[in-house]
Structures are given as structure tokens and as C-alpha cells.
>>> print(open('data-v6.txt').read())   # compact mmCIF, N, CA and C atoms
# COMPACT_ATOMS: atom_id res chain seq x y z
N MET A 1 218.64 56.72 -166.57
CA MET A 1 219.32 57.96 -166.85
C MET A 1 220.11 58.39 -165.63
N LYS A 2 221.28 58.89 -165.85
CA LYS A 2 222.15 59.34 -164.78
C LYS A 2 222.18 60.86 -164.72
N HIS A 3 221.01 61.49 -164.82
CA HIS A 3 220.92 62.95 -164.79
C HIS A 3 220.18 63.37 -163.54
N SER A 4 220.35 64.63 -163.18
CA SER A 4 219.61 65.19 -162.06
C SER A 4 218.12 65.13 -162.36
N ILE A 5 217.34 65.02 -161.29
CA ILE A 5 215.89 65.05 -161.45
C ILE A 5 215.34 66.20 -160.62
N TYR A 6 214.15 66.66 -161.03
CA TYR A 6 213.49 67.74 -160.32
C TYR A 6 212.65 67.17 -159.18
N PRO A 7 212.45 67.95 -158.10
CA PRO A 7 211.52 67.52 -157.05
C PRO A 7 210.12 67.37 -157.64
N VAL A 8 209.40 66.35 -157.17
CA VAL A 8 208.09 65.99 -157.73
C VAL A 8 207.03 66.07 -156.65
N SER A 9 205.86 66.60 -157.03
CA SER A 9 204.68 66.57 -156.16
C SER A 9 203.69 65.59 -156.78
N THR A 10 202.92 64.94 -155.95
CA THR A 10 201.95 63.97 -156.45
C THR A 10 200.57 64.25 -155.87
N SER A 11 199.56 63.85 -156.62
CA SER A 11 198.20 63.95 -156.11
C SER A 11 197.99 62.87 -155.05
N SER A 12 196.94 63.02 -154.27
CA SER A 12 196.68 62.06 -153.20
C SER A 12 196.42 60.65 -153.73
N ASP A 13 195.86 60.55 -154.94
CA ASP A 13 195.60 59.22 -155.51
C ASP A 13 196.80 58.65 -156.27
N ARG A 14 197.88 59.43 -156.40
CA ARG A 14 199.13 59.03 -157.05
C ARG A 14 198.98 58.72 -158.54
N TYR A 15 198.01 59.36 -159.19
CA TYR A 15 197.83 59.22 -160.64
C TYR A 15 198.29 60.48 -161.38
N SER A 16 198.64 61.51 -160.66
CA SER A 16 199.03 62.78 -161.25
C SER A 16 200.26 63.31 -160.53
N TYR A 17 201.27 63.74 -161.30
CA TYR A 17 202.54 64.20 -160.75
C TYR A 17 202.91 65.53 -161.42
N THR A 18 203.45 66.46 -160.66
CA THR A 18 203.89 67.72 -161.24
C THR A 18 205.31 68.03 -160.76
N PHE A 19 206.02 68.80 -161.59
CA PHE A 19 207.33 69.30 -161.23
C PHE A 19 207.59 70.54 -162.06
N GLU A 20 208.63 71.29 -161.69
CA GLU A 20 208.95 72.52 -162.40
C GLU A 20 210.23 72.37 -163.19
N SER A 21 210.16 72.72 -164.45
CA SER A 21 211.32 72.83 -165.34
C SER A 21 211.87 74.24 -165.15
N ILE A 22 213.14 74.33 -164.78
CA ILE A 22 213.69 75.62 -164.39
C ILE A 22 214.88 75.99 -165.28
N SER A 23 214.82 77.20 -165.83
CA SER A 23 215.96 77.76 -166.57
C SER A 23 216.16 79.19 -166.10
N SER A 24 217.18 79.84 -166.64
CA SER A 24 217.42 81.24 -166.26
C SER A 24 216.33 82.17 -166.81
N GLU A 25 215.61 81.72 -167.85
CA GLU A 25 214.57 82.55 -168.46
C GLU A 25 213.18 82.36 -167.86
N LYS A 26 212.89 81.11 -167.44
CA LYS A 26 211.51 80.86 -167.00
C LYS A 26 211.41 79.58 -166.18
N ILE A 27 210.31 79.46 -165.48
CA ILE A 27 209.95 78.24 -164.75
C ILE A 27 208.64 77.75 -165.34
N VAL A 28 208.61 76.49 -165.74
CA VAL A 28 207.43 75.91 -166.38
C VAL A 28 206.99 74.70 -165.58
N THR A 29 205.71 74.66 -165.22
CA THR A 29 205.18 73.50 -164.51
C THR A 29 204.86 72.40 -165.51
N LYS A 30 205.41 71.22 -165.26
CA LYS A 30 205.19 70.04 -166.08
C LYS A 30 204.25 69.10 -165.32
N LYS A 31 203.49 68.32 -166.09
CA LYS A 31 202.56 67.38 -165.46
C LYS A 31 202.64 66.02 -166.16
N VAL A 32 202.59 64.97 -165.36
CA VAL A 32 202.50 63.59 -165.84
C VAL A 32 201.23 63.01 -165.23
N GLU A 33 200.36 62.48 -166.07
CA GLU A 33 199.12 61.84 -165.60
C GLU A 33 199.07 60.41 -166.12
N PHE A 34 198.56 59.52 -165.30
CA PHE A 34 198.34 58.14 -165.70
C PHE A 34 196.83 57.92 -165.77
N VAL A 35 196.35 57.66 -166.98
CA VAL A 35 194.92 57.53 -167.24
C VAL A 35 194.62 56.09 -167.62
N PRO A 36 193.68 55.43 -166.92
CA PRO A 36 193.37 54.03 -167.26
C PRO A 36 192.86 53.91 -168.70
N ILE A 37 193.38 52.92 -169.42
CA ILE A 37 192.90 52.59 -170.76
C ILE A 37 191.99 51.37 -170.66
N VAL A 38 192.54 50.30 -170.16
CA VAL A 38 191.81 49.06 -169.83
C VAL A 38 192.41 48.57 -168.52
N ASP A 39 191.80 47.58 -167.92
CA ASP A 39 192.28 47.06 -166.65
C ASP A 39 193.76 46.69 -166.76
N GLY A 40 194.60 47.31 -165.93
CA GLY A 40 196.01 46.98 -165.90
C GLY A 40 196.88 47.74 -166.89
N LEU A 41 196.31 48.64 -167.69
CA LEU A 41 197.08 49.41 -168.67
C LEU A 41 196.70 50.89 -168.55
N TYR A 42 197.72 51.72 -168.39
CA TYR A 42 197.52 53.16 -168.22
C TYR A 42 198.22 53.93 -169.33
N ASN A 43 197.58 54.99 -169.78
CA ASN A 43 198.20 55.91 -170.73
C ASN A 43 198.99 56.95 -169.95
N LEU A 44 200.21 57.20 -170.39
CA LEU A 44 201.02 58.25 -169.80
C LEU A 44 200.80 59.52 -170.61
N ALA A 45 200.23 60.53 -169.97
CA ALA A 45 200.06 61.85 -170.59
C ALA A 45 201.08 62.77 -169.95
N PHE A 46 201.80 63.54 -170.78
CA PHE A 46 202.88 64.39 -170.28
C PHE A 46 202.93 65.69 -171.06
N GLY A 47 203.09 66.78 -170.34
CA GLY A 47 203.24 68.07 -171.01
C GLY A 47 203.31 69.20 -170.01
N ASP A 48 203.24 70.42 -170.54
CA ASP A 48 203.25 71.62 -169.72
C ASP A 48 201.84 71.93 -169.26
N LEU A 49 201.71 72.52 -168.09
CA LEU A 49 200.42 73.04 -167.65
C LEU A 49 200.27 74.44 -168.24
N ASN A 50 199.18 74.66 -168.95
CA ASN A 50 198.96 75.99 -169.52
C ASN A 50 198.29 76.91 -168.49
N SER A 51 198.02 78.15 -168.88
CA SER A 51 197.47 79.14 -167.93
C SER A 51 196.10 78.74 -167.40
N ALA A 52 195.37 77.89 -168.13
CA ALA A 52 194.06 77.42 -167.68
C ALA A 52 194.17 76.19 -166.79
N GLY A 53 195.40 75.69 -166.58
CA GLY A 53 195.60 74.51 -165.75
C GLY A 53 195.44 73.20 -166.49
N ALA A 54 195.34 73.26 -167.82
CA ALA A 54 195.21 72.05 -168.64
C ALA A 54 196.59 71.59 -169.13
N LEU A 55 196.72 70.31 -169.32
CA LEU A 55 197.96 69.74 -169.82
C LEU A 55 198.07 69.98 -171.33
N ASP A 56 199.18 70.55 -171.77
CA ASP A 56 199.44 70.82 -173.19
C ASP A 56 200.61 69.95 -173.62
N ASP A 57 200.33 68.94 -174.44
CA ASP A 57 201.40 68.02 -174.86
C ASP A 57 201.98 68.37 -176.23
N LEU A 58 201.63 69.53 -176.75
CA LEU A 58 202.17 69.97 -178.04
C LEU A 58 203.14 71.15 -177.93
N VAL A 59 203.14 71.82 -176.81
CA VAL A 59 203.99 73.00 -176.62
C VAL A 59 205.47 72.60 -176.60
N LYS A 60 206.31 73.50 -177.09
CA LYS A 60 207.76 73.32 -177.01
C LYS A 60 208.28 74.29 -175.96
N THR A 61 208.76 73.75 -174.85
CA THR A 61 209.19 74.57 -173.73
C THR A 61 210.51 75.28 -174.03
N ASN A 62 211.45 74.58 -174.64
CA ASN A 62 212.78 75.14 -174.95
C ASN A 62 213.47 75.73 -173.72
N ASN A 63 213.45 74.97 -172.62
CA ASN A 63 214.07 75.42 -171.38
C ASN A 63 215.50 74.89 -171.23
N LYS A 64 215.98 74.18 -172.24
CA LYS A 64 217.35 73.64 -172.28
C LYS A 64 217.65 72.69 -171.11
N ASP A 65 216.62 71.97 -170.66
CA ASP A 65 216.80 71.02 -169.56
C ASP A 65 216.13 69.68 -169.90
N MET A 66 216.13 69.32 -171.18
CA MET A 66 215.43 68.12 -171.62
C MET A 66 215.91 66.87 -170.87
N LYS A 67 217.21 66.75 -170.62
CA LYS A 67 217.72 65.56 -169.93
C LYS A 67 217.16 65.46 -168.52
N GLU A 68 217.11 66.57 -167.81
CA GLU A 68 216.57 66.57 -166.46
C GLU A 68 215.06 66.30 -166.46
N VAL A 69 214.36 66.89 -167.42
CA VAL A 69 212.91 66.67 -167.53
C VAL A 69 212.62 65.19 -167.80
N LEU A 70 213.32 64.61 -168.78
CA LEU A 70 213.07 63.20 -169.11
C LEU A 70 213.51 62.27 -167.98
N ALA A 71 214.60 62.59 -167.30
CA ALA A 71 215.01 61.79 -166.14
C ALA A 71 213.94 61.84 -165.05
N THR A 72 213.32 63.00 -164.88
CA THR A 72 212.25 63.14 -163.88
C THR A 72 211.03 62.32 -164.29
N VAL A 73 210.67 62.35 -165.57
CA VAL A 73 209.53 61.55 -166.05
C VAL A 73 209.82 60.06 -165.85
N ILE A 74 211.03 59.63 -166.15
CA ILE A 74 211.39 58.21 -165.96
C ILE A 74 211.30 57.84 -164.49
N GLN A 75 211.72 58.72 -163.61
CA GLN A 75 211.60 58.47 -162.17
C GLN A 75 210.13 58.34 -161.77
N ILE A 76 209.28 59.19 -162.33
CA ILE A 76 207.84 59.12 -162.05
C ILE A 76 207.27 57.79 -162.53
N VAL A 77 207.67 57.35 -163.71
CA VAL A 77 207.22 56.05 -164.24
C VAL A 77 207.61 54.93 -163.29
N ARG A 78 208.85 54.97 -162.81
CA ARG A 78 209.32 53.94 -161.88
C ARG A 78 208.49 53.95 -160.60
N ILE A 79 208.25 55.13 -160.05
CA ILE A 79 207.44 55.25 -158.82
C ILE A 79 206.04 54.69 -159.06
N PHE A 80 205.42 55.09 -160.18
CA PHE A 80 204.06 54.63 -160.47
C PHE A 80 204.02 53.11 -160.61
N LEU A 81 204.97 52.54 -161.33
CA LEU A 81 204.97 51.09 -161.52
C LEU A 81 205.28 50.33 -160.24
N GLU A 82 206.06 50.93 -159.35
CA GLU A 82 206.28 50.28 -158.06
C GLU A 82 205.00 50.25 -157.24
N LEU A 83 204.15 51.26 -157.40
CA LEU A 83 202.86 51.28 -156.72
C LEU A 83 201.84 50.36 -157.40
N HIS A 84 202.04 50.08 -158.69
CA HIS A 84 201.13 49.27 -159.51
C HIS A 84 201.95 48.19 -160.22
N ALA A 85 202.56 47.32 -159.43
CA ALA A 85 203.56 46.38 -159.93
C ALA A 85 203.05 45.43 -161.01
N ASP A 86 201.76 45.16 -161.04
CA ASP A 86 201.22 44.23 -162.05
C ASP A 86 200.72 44.95 -163.29
N ASP A 87 200.82 46.26 -163.31
CA ASP A 87 200.26 47.05 -164.41
C ASP A 87 201.35 47.47 -165.40
N ALA A 88 200.92 48.05 -166.51
CA ALA A 88 201.82 48.54 -167.55
C ALA A 88 201.41 49.93 -167.97
N ILE A 89 202.34 50.64 -168.58
CA ILE A 89 202.11 52.01 -169.04
C ILE A 89 202.31 52.07 -170.55
N TYR A 90 201.35 52.67 -171.22
CA TYR A 90 201.40 52.90 -172.67
C TYR A 90 201.80 54.36 -172.89
N PHE A 91 202.69 54.60 -173.87
CA PHE A 91 203.00 55.98 -174.22
C PHE A 91 203.45 56.09 -175.67
N GLU A 92 203.18 57.24 -176.21
CA GLU A 92 203.64 57.62 -177.54
C GLU A 92 203.78 59.13 -177.54
N GLY A 93 204.52 59.65 -178.48
CA GLY A 93 204.66 61.09 -178.58
C GLY A 93 203.41 61.73 -179.14
N SER A 94 203.20 62.99 -178.81
CA SER A 94 202.07 63.72 -179.37
C SER A 94 202.28 64.05 -180.84
N THR A 95 203.53 63.88 -181.30
CA THR A 95 203.87 64.01 -182.71
C THR A 95 204.80 62.86 -183.08
N SER A 96 204.96 62.60 -184.36
CA SER A 96 205.86 61.52 -184.77
C SER A 96 207.31 61.82 -184.37
N SER A 97 207.70 63.10 -184.39
CA SER A 97 209.07 63.43 -183.99
C SER A 97 209.29 63.18 -182.50
N ARG A 98 208.27 63.38 -181.69
CA ARG A 98 208.40 63.10 -180.26
C ARG A 98 208.43 61.59 -180.00
N THR A 99 207.66 60.83 -180.75
CA THR A 99 207.72 59.37 -180.62
C THR A 99 209.12 58.89 -180.98
N ARG A 100 209.69 59.46 -182.03
CA ARG A 100 211.06 59.11 -182.45
C ARG A 100 212.05 59.49 -181.35
N LEU A 101 211.86 60.65 -180.73
CA LEU A 101 212.72 61.07 -179.63
C LEU A 101 212.67 60.05 -178.49
N TYR A 102 211.47 59.59 -178.15
CA TYR A 102 211.34 58.59 -177.08
C TYR A 102 212.09 57.31 -177.46
N GLN A 103 212.01 56.93 -178.71
CA GLN A 103 212.72 55.73 -179.16
C GLN A 103 214.23 55.92 -179.05
N ILE A 104 214.71 57.08 -179.41
CA ILE A 104 216.15 57.38 -179.31
C ILE A 104 216.60 57.30 -177.86
N ILE A 105 215.80 57.86 -176.96
CA ILE A 105 216.14 57.84 -175.54
C ILE A 105 216.12 56.41 -175.00
N LEU A 106 215.10 55.64 -175.36
CA LEU A 106 215.04 54.23 -174.93
C LEU A 106 216.27 53.47 -175.41
N THR A 107 216.68 53.71 -176.64
CA THR A 107 217.86 53.04 -177.20
C THR A 107 219.12 53.48 -176.47
N ARG A 108 219.28 54.78 -176.29
CA ARG A 108 220.49 55.32 -175.66
C ARG A 108 220.61 54.87 -174.20
N GLU A 109 219.48 54.76 -173.52
CA GLU A 109 219.49 54.43 -172.10
C GLU A 109 219.21 52.95 -171.82
N LEU A 110 219.30 52.13 -172.84
CA LEU A 110 218.98 50.70 -172.73
C LEU A 110 219.65 50.03 -171.53
N LEU A 111 220.93 50.26 -171.35
CA LEU A 111 221.64 49.62 -170.25
C LEU A 111 221.16 50.10 -168.88
N ASN A 112 220.61 51.31 -168.82
CA ASN A 112 220.13 51.84 -167.54
C ASN A 112 218.75 51.34 -167.17
N TRP A 113 217.92 50.95 -168.15
CA TRP A 113 216.56 50.50 -167.81
C TRP A 113 216.37 49.01 -167.98
N ASN A 114 217.26 48.34 -168.69
CA ASN A 114 217.07 46.94 -169.06
C ASN A 114 216.93 46.01 -167.85
N ASP A 115 217.54 46.35 -166.72
CA ASP A 115 217.43 45.48 -165.54
C ASP A 115 216.20 45.81 -164.69
N LYS A 116 215.51 46.93 -164.98
CA LYS A 116 214.36 47.35 -164.17
C LYS A 116 213.03 47.20 -164.90
N PHE A 117 213.04 47.46 -166.21
CA PHE A 117 211.82 47.52 -166.99
C PHE A 117 211.84 46.54 -168.15
N VAL A 118 210.64 46.12 -168.54
CA VAL A 118 210.44 45.41 -169.79
C VAL A 118 209.73 46.40 -170.70
N VAL A 119 210.27 46.60 -171.90
CA VAL A 119 209.69 47.57 -172.83
C VAL A 119 209.30 46.85 -174.11
N PHE A 120 208.10 47.18 -174.58
CA PHE A 120 207.59 46.66 -175.84
C PHE A 120 207.37 47.83 -176.79
N GLY A 121 207.45 47.57 -178.06
CA GLY A 121 207.12 48.58 -179.05
C GLY A 121 205.93 48.10 -179.86
N ALA A 122 205.07 49.01 -180.23
CA ALA A 122 203.93 48.68 -181.07
C ALA A 122 204.27 49.05 -182.51
N GLU A 123 204.00 48.12 -183.40
CA GLU A 123 204.26 48.34 -184.82
C GLU A 123 203.08 47.78 -185.60
N ASN A 124 202.35 48.67 -186.27
CA ASN A 124 201.18 48.25 -187.05
C ASN A 124 200.20 47.41 -186.24
N GLY A 125 199.99 47.81 -184.99
CA GLY A 125 199.02 47.13 -184.14
C GLY A 125 199.54 45.90 -183.42
N SER A 126 200.78 45.52 -183.65
CA SER A 126 201.37 44.37 -182.96
C SER A 126 202.34 44.83 -181.89
N LEU A 127 202.29 44.18 -180.74
CA LEU A 127 203.19 44.50 -179.64
C LEU A 127 204.37 43.54 -179.68
N LEU A 128 205.58 44.11 -179.78
CA LEU A 128 206.81 43.32 -179.93
C LEU A 128 207.82 43.74 -178.88
N PRO A 129 208.73 42.84 -178.51
CA PRO A 129 209.80 43.26 -177.59
C PRO A 129 210.58 44.42 -178.22
N PHE A 130 210.98 45.39 -177.40
CA PHE A 130 211.72 46.54 -177.90
C PHE A 130 213.01 46.09 -178.57
N GLU A 131 213.30 46.66 -179.72
CA GLU A 131 214.53 46.39 -180.45
C GLU A 131 215.17 47.70 -180.86
N VAL A 132 216.48 47.75 -180.74
CA VAL A 132 217.23 48.89 -181.24
C VAL A 132 217.14 48.87 -182.77
N ASN A 133 217.10 50.03 -183.38
CA ASN A 133 217.05 50.19 -184.84
C ASN A 133 215.76 49.68 -185.48
N ARG A 134 214.70 49.60 -184.72
CA ARG A 134 213.39 49.27 -185.28
C ARG A 134 212.43 50.38 -184.89
N ASN A 135 211.73 50.95 -185.85
CA ASN A 135 210.84 52.07 -185.58
C ASN A 135 209.49 51.58 -185.09
N PHE A 136 209.07 52.11 -183.94
CA PHE A 136 207.80 51.75 -183.34
C PHE A 136 206.86 52.95 -183.34
N ASP A 137 205.56 52.65 -183.29
CA ASP A 137 204.53 53.69 -183.26
C ASP A 137 204.25 54.17 -181.83
N SER A 138 204.46 53.29 -180.86
CA SER A 138 204.21 53.58 -179.45
C SER A 138 204.94 52.54 -178.62
N PHE A 139 204.83 52.67 -177.30
CA PHE A 139 205.59 51.81 -176.41
C PHE A 139 204.75 51.41 -175.21
N VAL A 140 205.09 50.28 -174.62
CA VAL A 140 204.48 49.81 -173.38
C VAL A 140 205.62 49.40 -172.46
N VAL A 141 205.56 49.87 -171.22
CA VAL A 141 206.61 49.56 -170.26
C VAL A 141 205.98 48.99 -168.99
N LYS A 142 206.67 48.04 -168.39
CA LYS A 142 206.25 47.48 -167.11
C LYS A 142 207.49 47.09 -166.34
N LEU A 143 207.33 46.86 -165.05
CA LEU A 143 208.46 46.41 -164.23
C LEU A 143 208.83 44.99 -164.58
N LYS A 144 210.11 44.71 -164.52
CA LYS A 144 210.55 43.32 -164.68
C LYS A 144 210.14 42.55 -163.43
N GLU A 145 209.74 41.33 -163.64
CA GLU A 145 209.39 40.49 -162.49
C GLU A 145 210.66 40.08 -161.78
N SER A 146 210.61 40.08 -160.45
CA SER A 146 211.82 39.73 -159.67
C SER A 146 212.03 38.24 -159.65
>>> encode(input="data-v6.txt", output="C-alpha cells")
Amino acid sequence: MKHSIYPVSTSSDRYSYTFESISSEKIVTKKVEFVPIVDGLYNLAFGDLNSAGALDDLVKTNNKDMKEVLATVIQIVRIFLELHADDAIYFEGSTSSRTRLYQIILTRELLNWNDKFVVFGAENGSLLPFEVNRNFDSFVVKLKES
């Protein structure tokens, strides 16, 4: 993505990242967490931090900065995978419409990530190379081998 990104803070173990989504109406703290699923595969959890400090992946922020937020998340993914070069990240939307949004973004930004990442889509339990115009249930991304 060729959009501005927000400054990011990270936890000392580099498994948790936060940044602020900023609009003229409000500032919302966003969080990205990488949670181990199995050896070498991490789940990407992403959402707003609520007043209790918990990650809420169902809230609609409506801060009119989706491009900057997603560019920041992609930057975080790149940073995490550079630290864990042999690992992969699993992600899906918290709703089917969000999963579809991720697919649209992956398709639209294909030329920007194709030289850096390998992306797979899951369909009915099978992991397949990412394809444009094919609907997937979830995604797995890893760094391309040099």
C-alpha cells in the first residue's frame, strides 16, 4: 500500500502492537496481536481497544482513515514476519463482510505485496495459492524466500 501509516508502539516481546487512528472527531487506539496457533503459525487479531483495555474486533470505528489503518496493519505484518522469517500469519475477518474486505484489499494491492509476501487462501479447509476472483474463508501470509 502506498498510503501514510501511523506511528506504532510495540510490546517488549514484539507480539503486540498499538497505534492511534486519528480523525477530527476522535482518536481511537488500535491493537494488533499475534497469537500462536501451532508451531510456526500465528493468528493475527486486530481491533480497537475498548475502555476495559480489551481488543474489540467487531466495533466499527468510522474514523474515515481505513486506508491508513490498513497500511499500518500491513506494515506491522511485515515487521513481525521479518522478526519471524520462517513463520506464517493466519487471518480472517471477524465477520464475512470483513473477510471479503480483506480479499478486496489483497486483490487491489497485489502488485504491492506480490514481491514481498506469499499469500494463501483457505477454502473449505484447503489451503490454496491466492487467486483474484476466488472467494476464500481466511488467509495465510508469509515472507517470500529470498
>>> residues_around(input="data-v6.txt", residues="Leu41 in chain A", least_positions_apart="4", cutoff="7 Å", atoms="all atoms listed in the file", output="PyMOL selection string")
chain A and resi 35-37+87-90
>>> closest_residue(input="data-v6.txt", among="A:Tyr15, A:Arg108, A:Asp86, A:Val118", to="Val132 in chain A", atoms="only N, CA and C atoms")
A:Arg108
>>> closest_residue(input="data-v6.txt", among="A:Leu44, A:Val8, A:Leu128, A:Val28", to="Val77 in chain A", atoms="only C-alpha atoms")
A:Leu44
>>> residues_near_point(input="data-v6.txt", point="(208.4, 46.3, -177.8)", cutoff="8 Å", atoms="only C-alpha atoms", output="PDB file with N, CA and C atoms, in the coordinates of the input")
ATOM      1  N   VAL A 119     210.270  46.600-171.900  1.00  0.00           N
ATOM      2  CA  VAL A 119     209.690  47.570-172.830  1.00  0.00           C
ATOM      3  C   VAL A 119     209.300  46.850-174.110  1.00  0.00           C
ATOM      4  N   PHE A 120     208.100  47.180-174.580  1.00  0.00           N
ATOM      5  CA  PHE A 120     207.590  46.660-175.840  1.00  0.00           C
ATOM      6  C   PHE A 120     207.370  47.830-176.790  1.00  0.00           C
ATOM      7  N   GLY A 121     207.450  47.570-178.060  1.00  0.00           N
ATOM      8  CA  GLY A 121     207.120  48.580-179.050  1.00  0.00           C
ATOM      9  C   GLY A 121     205.930  48.100-179.860  1.00  0.00           C
ATOM     10  N   ALA A 122     205.070  49.010-180.230  1.00  0.00           N
ATOM     11  CA  ALA A 122     203.930  48.680-181.070  1.00  0.00           C
ATOM     12  C   ALA A 122     204.270  49.050-182.510  1.00  0.00           C
ATOM     13  N   LEU A 127     202.290  44.180-180.740  1.00  0.00           N
ATOM     14  CA  LEU A 127     203.190  44.500-179.640  1.00  0.00           C
ATOM     15  C   LEU A 127     204.370  43.540-179.680  1.00  0.00           C
ATOM     16  N   LEU A 128     205.580  44.110-179.780  1.00  0.00           N
ATOM     17  CA  LEU A 128     206.810  43.320-179.930  1.00  0.00           C
ATOM     18  C   LEU A 128     207.820  43.740-178.880  1.00  0.00           C
ATOM     19  N   PRO A 129     208.730  42.840-178.510  1.00  0.00           N
ATOM     20  CA  PRO A 129     209.800  43.260-177.590  1.00  0.00           C
ATOM     21  C   PRO A 129     210.580  44.420-178.220  1.00  0.00           C
ATOM     22  N   PHE A 130     210.980  45.390-177.400  1.00  0.00           N
ATOM     23  CA  PHE A 130     211.720  46.540-177.900  1.00  0.00           C
ATOM     24  C   PHE A 130     213.010  46.090-178.570  1.00  0.00           C
ATOM     25  N   GLU A 131     213.300  46.660-179.720  1.00  0.00           N
ATOM     26  CA  GLU A 131     214.530  46.390-180.450  1.00  0.00           C
ATOM     27  C   GLU A 131     215.170  47.700-180.860  1.00  0.00           C
ATOM     28  N   PHE A 136     209.070  52.110-183.940  1.00  0.00           N
ATOM     29  CA  PHE A 136     207.800  51.750-183.340  1.00  0.00           C
ATOM     30  C   PHE A 136     206.860  52.950-183.340  1.00  0.00           C
ATOM     31  N   PHE A 139     204.830  52.670-177.300  1.00  0.00           N
ATOM     32  CA  PHE A 139     205.590  51.810-176.410  1.00  0.00           C
ATOM     33  C   PHE A 139     204.750  51.410-175.210  1.00  0.00           C
ATOM     34  N   VAL A 140     205.090  50.280-174.620  1.00  0.00           N
ATOM     35  CA  VAL A 140     204.480  49.810-173.380  1.00  0.00           C
ATOM     36  C   VAL A 140     205.620  49.400-172.460  1.00  0.00           C
TER      37      VAL A 140
END
>>> select_by_dssp(input="data-v6.txt", residues="range 25-132 of chain A", states="strand (DSSP E)", output="ChimeraX atom specification")
/A:27-38,41-49,55-56,88-91,117-123,126-129
>>> atom_distance(input="data-v6.txt", atom1="atom C of Gly47 in chain A", atom2="atom C of Asp137 in chain A")
19.1 Å
>>> atom_distance(input="data-v6.txt", atom1="CA of Leu55 in chain A", atom2="CA of Ile74 in chain A")
18.1 Å
>>> atom_distance(input="data-v6.txt", atom1="CA of Lys144 in chain A", atom2="CA of Tyr42 in chain A")
16.7 Å
>>> select_by_dssp(input="data-v6.txt", residues="range 11-145 of chain A", states="alpha helix (DSSP H)", output="NGL selection string")
:A and (66-83 or 96-108 or 110-113)
>>> closest_residue(input="data-v6.txt", among="A:Val32, A:Ile27, A:Arg14, A:Ala45", to="Glu92 in chain A", atoms="only N, CA and C atoms")
A:Ala45
>>> closest_residue(input="data-v6.txt", among="A:Ile76, A:Thr29, A:Leu143, A:Arg100", to="Asn50 in chain A", atoms="all atoms listed in the file")
A:Thr29
>>> closest_residue(input="data-v6.txt", among="A:Asn63, A:Asn112, A:Ser51, A:Gln103", to="Ser21 in chain A", atoms="all atoms listed in the file")
A:Asn63
>>> closest_residue(input="data-v6.txt", among="A:Asp39, A:Thr107, A:Asp57, A:Leu49", to="Glu20 in chain A", atoms="only C-alpha atoms")
A:Leu49
>>> decode(input="data-v6.txt", residues="range 65-76 of chain A", atoms="N, CA, C and O atoms", output="PDB file, in the first residue's frame")
ATOM      1  N   ASP A  65     -10.403   6.751   8.021  1.00  0.00           N
ATOM      2  CA  ASP A  65      -8.974   6.596   7.759  1.00  0.00           C
ATOM      3  C   ASP A  65      -8.624   5.129   7.493  1.00  0.00           C
ATOM      4  O   ASP A  65      -7.526   4.689   7.807  1.00  0.00           O
ATOM      5  N   MET A  66      -9.555   4.397   6.880  1.00  0.00           N
ATOM      6  CA  MET A  66      -9.362   2.963   6.676  1.00  0.00           C
ATOM      7  C   MET A  66      -8.071   2.664   5.906  1.00  0.00           C
ATOM      8  O   MET A  66      -7.354   1.723   6.237  1.00  0.00           O
ATOM      9  N   LYS A  67      -7.740   3.464   4.899  1.00  0.00           N
ATOM     10  CA  LYS A  67      -6.530   3.203   4.115  1.00  0.00           C
ATOM     11  C   LYS A  67      -5.278   3.315   4.983  1.00  0.00           C
ATOM     12  O   LYS A  67      -4.382   2.482   4.891  1.00  0.00           O
ATOM     13  N   GLU A  68      -5.228   4.324   5.829  1.00  0.00           N
ATOM     14  CA  GLU A  68      -4.073   4.499   6.706  1.00  0.00           C
ATOM     15  C   GLU A  68      -4.011   3.389   7.759  1.00  0.00           C
ATOM     16  O   GLU A  68      -2.926   2.885   8.077  1.00  0.00           O
ATOM     17  N   VAL A  69      -5.166   3.023   8.299  1.00  0.00           N
ATOM     18  CA  VAL A  69      -5.209   1.945   9.295  1.00  0.00           C
ATOM     19  C   VAL A  69      -4.723   0.634   8.679  1.00  0.00           C
ATOM     20  O   VAL A  69      -3.870  -0.056   9.243  1.00  0.00           O
ATOM     21  N   LEU A  70      -5.248   0.286   7.507  1.00  0.00           N
ATOM     22  CA  LEU A  70      -4.843  -0.974   6.872  1.00  0.00           C
ATOM     23  C   LEU A  70      -3.384  -0.941   6.427  1.00  0.00           C
ATOM     24  O   LEU A  70      -2.681  -1.950   6.531  1.00  0.00           O
ATOM     25  N   ALA A  71      -2.907   0.204   5.954  1.00  0.00           N
ATOM     26  CA  ALA A  71      -1.485   0.318   5.603  1.00  0.00           C
ATOM     27  C   ALA A  71      -0.613   0.113   6.840  1.00  0.00           C
ATOM     28  O   ALA A  71       0.450  -0.521   6.763  1.00  0.00           O
ATOM     29  N   THR A  72      -1.068   0.612   7.984  1.00  0.00           N
ATOM     30  CA  THR A  72      -0.324   0.428   9.236  1.00  0.00           C
ATOM     31  C   THR A  72      -0.321  -1.037   9.644  1.00  0.00           C
ATOM     32  O   THR A  72       0.729  -1.581  10.042  1.00  0.00           O
ATOM     33  N   VAL A  73      -1.454  -1.712   9.519  1.00  0.00           N
ATOM     34  CA  VAL A  73      -1.521  -3.146   9.856  1.00  0.00           C
ATOM     35  C   VAL A  73      -0.597  -3.941   8.933  1.00  0.00           C
ATOM     36  O   VAL A  73       0.127  -4.832   9.387  1.00  0.00           O
ATOM     37  N   ILE A  74      -0.585  -3.618   7.649  1.00  0.00           N
ATOM     38  CA  ILE A  74       0.299  -4.323   6.706  1.00  0.00           C
ATOM     39  C   ILE A  74       1.757  -4.091   7.080  1.00  0.00           C
ATOM     40  O   ILE A  74       2.582  -5.015   7.037  1.00  0.00           O
ATOM     41  N   GLN A  75       2.097  -2.885   7.485  1.00  0.00           N
ATOM     42  CA  GLN A  75       3.465  -2.597   7.936  1.00  0.00           C
ATOM     43  C   GLN A  75       3.810  -3.433   9.164  1.00  0.00           C
ATOM     44  O   GLN A  75       4.914  -3.972   9.276  1.00  0.00           O
ATOM     45  N   ILE A  76       2.863  -3.565  10.093  1.00  0.00           N
ATOM     46  CA  ILE A  76       3.078  -4.382  11.292  1.00  0.00           C
ATOM     47  C   ILE A  76       3.299  -5.841  10.906  1.00  0.00           C
ATOM     48  O   ILE A  76       4.182  -6.516  11.449  1.00  0.00           O
TER      49      ILE A  76
END
